[in-house]
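Colleague: Below is the file start-v4.txt, which contains compact mmCIF, C-alpha atoms.
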```
# COMPACT_ATOMS: atom_id res chain seq x y z
CA MET X 522 0.00 0.00 0.00
CA ARG X 523 1.33 3.28 -1.05
CA LEU X 524 1.50 6.00 1.45
CA GLY X 525 -0.77 8.96 0.89
CA GLU X 526 -3.46 6.98 -0.87
CA PRO X 527 -6.63 7.21 1.18
CA ALA X 528 -9.13 4.40 1.37
CA ARG X 529 -11.06 4.98 -1.90
CA MET X 530 -14.47 6.55 -1.56
CA GLN X 531 -17.21 5.32 -3.77
CA ALA X 532 -18.34 8.23 -5.92
CA ALA X 533 -21.35 6.61 -7.65
CA ILE X 534 -24.71 6.68 -5.93
CA ASN X 535 -26.05 3.24 -5.28
CA ILE X 536 -29.24 3.21 -7.31
CA THR X 537 -30.23 -0.39 -6.79
CA PRO X 538 -32.76 0.45 -4.04
CA LEU X 539 -34.22 3.16 -6.29
CA VAL X 540 -34.71 0.68 -9.10
CA ASP X 541 -36.30 -1.74 -6.65
CA VAL X 542 -38.77 0.85 -5.46
CA VAL X 543 -39.66 2.01 -8.97
CA LEU X 544 -40.17 -1.52 -10.25
CA VAL X 545 -42.41 -2.33 -7.32
CA LEU X 546 -44.42 0.87 -7.94
CA LEU X 547 -44.76 -0.10 -11.60
CA ILE X 548 -46.06 -3.53 -10.69
CA ILE X 549 -48.49 -2.08 -8.13
CA PHE X 550 -49.85 0.31 -10.78
CA MET X 551 -50.21 -2.43 -13.37
CA VAL X 552 -52.13 -4.60 -10.91
CA MET X 553 -54.25 -1.80 -9.49
CA ALA X 554 -55.06 -0.13 -12.79
CA PRO X 555 -58.34 -1.94 -13.47
CA GLN X 556 -59.56 -1.29 -9.93
CA MET X 557 -58.79 2.41 -9.89
CA ARG X 558 -62.04 3.38 -11.57
CA LYS X 559 -64.24 5.71 -9.65
CA GLY X 560 -67.60 4.50 -8.46
CA PRO X 561 -69.10 1.09 -7.87
CA ASP X 562 -68.17 -2.17 -9.52
CA VAL X 563 -70.05 -2.27 -12.77
CA ASN X 564 -69.92 -5.08 -15.25
CA VAL X 565 -70.33 -3.11 -18.46
CA PRO X 566 -71.67 -4.75 -21.63
CA ASN X 567 -69.40 -6.48 -24.09
CA THR X 568 -69.50 -5.31 -27.67
CA THR X 569 -67.25 -5.61 -30.70
CA LYS X 570 -66.24 -2.07 -31.63
CA PRO X 571 -66.85 0.62 -29.02
CA ASN X 572 -65.33 4.03 -29.83
CA GLY X 573 -62.99 5.95 -27.58
CA GLN X 574 -64.67 8.22 -25.06
CA GLY X 575 -62.12 10.99 -24.93
CA ASP X 576 -60.44 12.67 -22.08
CA GLU X 577 -61.28 12.39 -18.42
CA ARG X 578 -61.12 16.14 -17.91
CA GLY X 579 -64.54 17.72 -18.05
CA ARG X 580 -66.25 14.37 -18.03
CA ILE X 581 -68.93 13.34 -15.56
CA LEU X 582 -69.14 9.65 -14.91
CA VAL X 583 -72.60 8.34 -14.13
CA SER X 584 -72.73 4.72 -13.03
CA ILE X 585 -75.74 2.47 -12.70
CA ASP X 586 -74.97 -0.67 -10.75
CA ASP X 587 -76.71 -4.01 -11.14
CA ALA X 588 -79.30 -3.05 -8.52
CA GLY X 589 -80.20 0.03 -10.58
CA LYS X 590 -78.67 2.48 -8.10
CA LEU X 591 -77.30 5.71 -9.53
CA TRP X 592 -73.81 7.04 -8.87
CA ILE X 593 -72.19 10.26 -9.93
CA ASN X 594 -68.43 9.88 -10.03
CA ASP X 595 -67.83 8.02 -6.77
CA GLN X 596 -70.95 9.01 -4.85
CA SER X 597 -74.24 7.23 -4.63
CA VAL X 598 -77.13 9.54 -5.50
CA ALA X 599 -80.85 9.17 -4.89
CA ALA X 600 -82.91 9.24 -8.07
CA ASP X 601 -84.92 12.32 -6.98
CA HIS X 602 -81.79 14.42 -6.45
CA PHE X 603 -80.05 13.18 -9.56
CA GLY X 604 -80.50 16.33 -11.63
CA GLU X 605 -79.23 18.71 -8.94
CA ALA X 606 -76.32 16.40 -8.14
CA LEU X 607 -75.37 16.35 -11.81
CA GLN X 608 -75.36 20.13 -11.99
CA THR X 609 -73.27 20.30 -8.84
CA ALA X 610 -70.83 17.81 -10.32
CA ALA X 611 -70.60 19.86 -13.49
CA GLY X 612 -69.73 22.96 -11.46
CA ALA X 613 -68.30 25.72 -13.59
CA GLU X 614 -67.52 23.36 -16.45
CA GLN X 615 -68.89 24.85 -19.64
CA ASN X 616 -69.92 21.86 -21.65
CA PRO X 617 -69.23 18.71 -19.68
CA ARG X 618 -69.67 15.35 -21.28
CA VAL X 619 -71.69 12.79 -19.43
CA VAL X 620 -70.82 9.14 -19.79
CA ILE X 621 -73.02 6.39 -18.45
CA ARG X 622 -71.47 3.21 -17.20
CA ALA X 623 -74.39 0.86 -16.77
CA ASP X 624 -74.43 -2.79 -15.80
CA ALA X 625 -75.03 -5.38 -18.52
CA LYS X 626 -77.78 -7.02 -16.48
CA LEU X 627 -80.01 -3.93 -16.43
CA ASN X 628 -83.13 -3.50 -18.48
CA PHE X 629 -82.99 -0.84 -21.12
CA VAL X 630 -85.62 1.22 -19.31
CA GLN X 631 -83.28 1.92 -16.39
CA VAL X 632 -80.65 3.30 -18.72
CA ARG X 633 -83.20 5.26 -20.72
CA GLN X 634 -84.56 6.92 -17.59
CA ALA X 635 -81.05 7.91 -16.57
CA MET X 636 -80.44 9.35 -20.04
CA GLU X 637 -83.66 11.33 -19.82
CA ALA X 638 -82.66 12.66 -16.41
CA VAL X 639 -79.29 13.73 -17.81
CA GLU X 640 -81.04 15.42 -20.72
CA GLN X 641 -83.45 17.19 -18.37
CA ALA X 642 -80.57 18.44 -16.27
CA GLY X 643 -79.41 20.29 -19.37
CA PHE X 644 -76.71 18.08 -20.79
CA HIS X 645 -76.95 17.07 -24.40
CA GLY X 646 -75.86 13.64 -25.50
CA VAL X 647 -74.29 10.91 -23.44
CA GLY X 648 -71.76 8.18 -23.99
CA LEU X 649 -72.73 4.64 -23.14
CA ILE X 650 -69.67 2.79 -21.92
CA ALA X 651 -68.95 -0.70 -23.15
CA LYS X 652 -65.92 -2.90 -23.21
CA ARG X 653 -64.41 -4.52 -26.22
CA ALA X 654 -65.27 -8.21 -26.25
CA GLY X 655 -62.32 -10.29 -25.13
CA ALA X 656 -60.52 -7.34 -23.54
CA GLU X 657 -59.33 -7.55 -19.96
CA GLY X 658 -60.45 -5.22 -17.21
CA LYS X 659 -63.71 -3.35 -17.02
CA MET D 637 4.88 1.93 -21.16
CA GLN D 638 1.97 2.43 -18.92
CA PHE D 639 -0.48 5.23 -19.56
CA ASN D 640 -2.77 4.21 -16.86
CA THR D 641 -2.38 6.20 -13.74
CA ASP D 642 -4.74 4.02 -11.83
CA ALA D 643 -2.94 1.87 -9.33
CA SER D 644 -5.14 -1.12 -10.01
CA GLY D 645 -4.31 -1.25 -13.72
CA SER D 646 -6.83 -0.80 -16.54
CA SER D 647 -10.02 -1.50 -14.65
CA LEU D 648 -12.92 -3.10 -16.42
CA GLN D 649 -16.28 -1.87 -15.32
CA ALA D 650 -17.98 -4.81 -13.76
CA ASP D 651 -21.34 -3.17 -13.01
CA ILE D 652 -24.09 -3.16 -15.58
CA ASN D 653 -25.11 0.34 -16.52
CA ILE D 654 -28.71 0.48 -15.33
CA THR D 655 -29.39 4.14 -15.99
CA PRO D 656 -31.22 3.45 -19.31
CA LEU D 657 -33.25 0.76 -17.56
CA VAL D 658 -34.31 3.20 -14.88
CA ASP D 659 -35.22 5.72 -17.58
CA VAL D 660 -37.41 3.27 -19.43
CA VAL D 661 -39.12 2.05 -16.27
CA LEU D 662 -39.85 5.57 -15.05
CA VAL D 663 -41.34 6.52 -18.41
CA LEU D 664 -43.48 3.37 -18.38
CA LEU D 665 -44.65 4.27 -14.90
CA ILE D 666 -45.65 7.76 -16.00
CA ILE D 667 -47.42 6.44 -19.09
CA PHE D 668 -49.43 4.05 -16.95
CA MET D 669 -50.37 6.76 -14.47
CA VAL D 670 -51.58 9.07 -17.22
CA VAL D 671 -53.38 6.57 -19.42
CA VAL D 672 -55.26 4.54 -16.83
CA PRO D 673 -58.13 7.00 -16.22
CA LEU D 674 -58.58 7.61 -19.94
CA LEU D 675 -59.26 4.06 -20.98
CA MET D 676 -62.97 4.11 -21.65
CA GLU D 677 -64.85 3.12 -24.72
CA GLY D 678 -68.48 3.32 -25.63
CA TYR D 679 -71.15 4.77 -27.91
CA ASP D 680 -72.36 8.32 -28.30
CA VAL D 681 -76.12 8.54 -28.19
CA ASP D 682 -78.73 11.26 -27.95
CA ILE D 683 -82.27 11.80 -26.91
CA PRO D 684 -83.64 14.35 -29.33
CA ARG D 685 -84.64 17.56 -27.59
CA ALA D 686 -88.02 18.87 -28.51
CA SER D 687 -86.66 22.13 -29.88
CA ALA D 688 -83.10 21.51 -30.97
CA ASP D 689 -83.76 18.40 -32.96
CA ALA D 690 -87.17 19.26 -34.27
CA ALA D 691 -85.67 19.97 -37.66
CA VAL D 692 -84.07 16.57 -37.82
CA GLN D 693 -87.23 14.89 -36.58
CA ALA D 694 -89.42 16.59 -39.09
CA GLU D 695 -87.52 15.18 -42.00
CA ALA D 696 -89.53 12.52 -43.71
CA SER D 697 -86.32 10.75 -44.53
CA GLN D 698 -85.54 9.78 -40.97
CA LEU D 699 -84.63 6.17 -40.53
CA ILE D 700 -86.37 4.45 -37.66
CA LEU D 701 -85.20 1.20 -36.12
CA ASN D 702 -87.77 -0.52 -33.97
CA ILE D 703 -86.69 -3.19 -31.54
CA GLY D 704 -89.58 -4.95 -29.87
CA SER D 705 -89.44 -7.56 -27.17
CA THR D 706 -91.59 -10.08 -29.02
CA ASP D 707 -89.51 -10.16 -32.20
CA CYS D 708 -86.22 -9.76 -30.41
CA PRO D 709 -86.48 -11.52 -27.05
CA ILE D 710 -83.21 -10.45 -25.43
CA LEU D 711 -84.49 -10.13 -21.89
CA ARG D 712 -81.31 -11.13 -20.11
CA PRO D 713 -77.65 -10.66 -21.02
CA PRO D 714 -76.78 -12.77 -24.08
CA ALA D 715 -74.82 -15.85 -23.06
CA GLU D 716 -72.35 -15.69 -25.89
CA GLU D 717 -70.84 -13.05 -28.14
CA GLY D 718 -73.00 -11.27 -30.66
CA ILE D 719 -76.75 -11.12 -30.97
CA PRO D 720 -79.05 -14.15 -30.59
CA LYS D 721 -80.10 -15.53 -33.96
CA ASN D 722 -83.82 -15.25 -33.25
CA CYS D 723 -83.66 -11.48 -32.95
CA GLN D 724 -85.64 -9.62 -35.58
CA VAL D 725 -85.83 -5.85 -35.80
CA THR D 726 -87.93 -3.48 -37.84
CA LEU D 727 -85.92 -1.07 -39.96
CA ALA D 728 -87.94 1.55 -41.83
CA GLY D 729 -91.06 -0.59 -41.49
CA GLN D 730 -89.43 -3.75 -42.78
CA LYS D 731 -88.82 -6.70 -40.53
CA ILE D 732 -85.29 -8.05 -40.92
CA ALA D 733 -82.94 -10.24 -38.94
CA ALA D 734 -80.72 -8.16 -36.66
CA THR D 735 -77.63 -9.65 -38.29
CA GLU D 736 -78.63 -8.05 -41.60
CA LEU D 737 -78.46 -4.58 -40.09
CA PRO D 738 -75.03 -3.42 -41.29
CA PRO D 739 -75.69 -3.83 -45.03
CA ARG D 740 -79.23 -2.48 -44.79
CA VAL D 741 -78.24 0.60 -42.80
CA ALA D 742 -75.34 1.18 -45.17
CA GLU D 743 -77.66 0.87 -48.15
CA ILE D 744 -80.07 3.48 -46.82
CA LEU D 745 -77.69 5.94 -45.15
CA GLY D 746 -74.44 5.36 -47.02
CA GLY D 747 -75.32 7.84 -49.76
CA ARG D 748 -76.16 10.69 -47.39
CA PRO D 749 -73.62 13.26 -46.24
CA ALA D 750 -72.05 12.37 -42.90
CA GLU D 751 -73.97 14.93 -40.83
CA GLN D 752 -77.31 13.58 -41.99
CA ARG D 753 -76.61 10.00 -41.07
CA ALA D 754 -78.89 9.47 -38.12
CA LEU D 755 -80.60 6.35 -36.90
CA PHE D 756 -83.64 6.82 -34.69
CA MET D 757 -84.10 3.93 -32.35
CA ALA D 758 -87.33 2.99 -30.64
CA VAL D 759 -86.36 0.34 -28.14
CA ASP D 760 -88.67 -1.72 -25.96
CA ASP D 761 -88.08 -0.91 -22.30
CA ARG D 762 -87.97 -4.53 -21.25
CA LEU D 763 -85.00 -5.45 -23.42
CA ASN D 764 -81.67 -6.14 -21.83
CA TYR D 765 -79.24 -3.25 -21.97
CA GLU D 766 -76.33 -5.34 -23.22
CA GLY D 767 -78.43 -6.68 -26.08
CA VAL D 768 -79.42 -3.14 -27.06
CA LEU D 769 -75.80 -1.96 -27.06
CA ARG D 770 -74.84 -4.88 -29.27
CA ILE D 771 -77.54 -3.95 -31.77
CA ILE D 772 -76.23 -0.37 -31.74
CA ASP D 773 -72.76 -1.75 -32.31
CA LEU D 774 -74.00 -3.75 -35.27
CA ALA D 775 -75.95 -0.84 -36.76
CA LYS D 776 -72.95 1.46 -36.44
CA SER D 777 -70.63 -0.99 -38.14
CA GLY D 778 -72.45 -0.45 -41.46
CA VAL D 779 -71.65 3.25 -41.96
CA GLU D 780 -69.23 5.68 -40.44
CA ASN D 781 -70.30 8.71 -38.36
CA LEU D 782 -73.70 7.30 -37.61
CA LYS D 783 -75.64 9.34 -35.06
CA ILE D 784 -77.87 7.36 -32.73
CA GLU D 785 -80.99 9.00 -31.33
CA PHE D 786 -83.37 7.30 -28.94
CA ILE D 787 -87.03 8.03 -29.44
CA ALA D 788 -90.03 6.81 -27.49
CA THR D 789 -91.73 3.58 -28.48
CA ASN D 790 -95.35 3.91 -29.41
```
Output the file's structure as structure tokens, nothing else.
Modeller:
Amino acid sequence: MRLGEPARMQAAINITPLVDVVLVLLIIFMVMAPQMRKGPDVNVPNTTKPNGQGDERGRILVSIDDAGKLWINDQSVAADHFGEALQTAAGAEQNPRVVIRADAKLNFVQVRQAMEAVEQAGFHGVGLIAKRAGAEGK
Amino acid sequence: MQFNTDASGSSLQADINITPLVDVVLVLLIIFMVVVPLLMEGYDVDIPRASADAAVQAEASQLILNIGSTDCPILRPPAEEGIPKNCQVTLAGQKIAATELPPRVAEILGGRPAEQRALFMAVDDRLNYEGVLRIIDLAKSGVENLKIEFIATN
């Protein structure tokens, strides 16, 4: 050992723990992704070619679960207050888009009544959410 | 002659360079976080408003699709993909099998300009929602930019 040479310091940051953490986060996100939806569990209908439903910003999500209960975003709403609740959810949004996520087991009448309520609350046009047949998730 | 000033001789780097890996993983993470809430697919539909759509409604050329529960008995979610074979619908007064919808709708609406392609649907309330969406899916597959409007059954 030469004199004057100090014990060498390691200059590089050890990033192995960082990689560990990031990989674990990634896996958690991949697993949780299908469950991160707002609102109740809804088994939406299967179809062949649904179209994209655009951006989440400025979108109000109305869910109808298999018991026919109405939800706005992640809150359960009584049918008589549905219109007011929708307007509250819209807030200052100029032209919000309403999408309806209704359970496949429902009768058409339950969805139609919800659409009429949305229309009466002053929103024009809705999107009916479906999932591509054979696709994972909901 | 030794150029190397390092006491340990020319040192090979034994560690794998994981910086690109970290980059890729972080970007993947961000992509997942951004895309997850946007993944939603469905159908745009309308209920014609008395005033706004009166003009469209008044047109004699409007195409009406009637789905009744006697001719098309989808009262619970279809067990397999597609529409049950026994489903018949009434398109512009003519009774046809639901599976014939795409060519028939294309035949009637294909020649019209895109903004006039509207299908007015009168759907029996008792039908299953999934079955109705599948019929919409089928009808839309015939022509592009098809507008769906729900009207009351009578």
Colleague: May I ask you to extract the residues of chain X within 6 Å of chain D, using only C-alpha atoms, and to give them as number ranges by chain?
Modeller: X: 547, 566, 568, 571-574, 576-577, 625-630, 646-651
Colleague: Could you tell me how far CA of Asp587 (chain X) sits from CA of Val632 (chain X), in Å to one decimal place?
Modeller: 11.2 Å
Colleague: Given only C-alpha atoms as the basis, pick out the residue of X:Asp586, X:Lys570, X:Gln634, X:Arg580 nearest to Ala775 (chain D).
Modeller: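 Closest to Ala775 (chain D), using only C-alpha atoms: X:Lys570.
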Colleague: Interatomic distance between CA of Asn781 (chain D) and CA of Arg753 (chain D)?
Modeller: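 Pair CA of Asn781 (chain D) / CA of Arg753 (chain D) returns 7.0 Å.
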Colleague: For CA of Ile621 (chain X) and CA of Pro739 (chain D), quote the distance in Å rounded to one decimal.
Modeller: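 If I compute the distance from CA of Ile621 (chain X) to CA of Pro739 (chain D), I get 28.6 Å.
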Colleague: Do you know which residues are at most 10 Å from Gly560 (chain X) counting all atoms listed in the file, after dropping those on the same chain fewer than 5 positions away, and could you put them as an MDAnalysis selection string?
Modeller: chainID X and resid 582:586 591:597 622
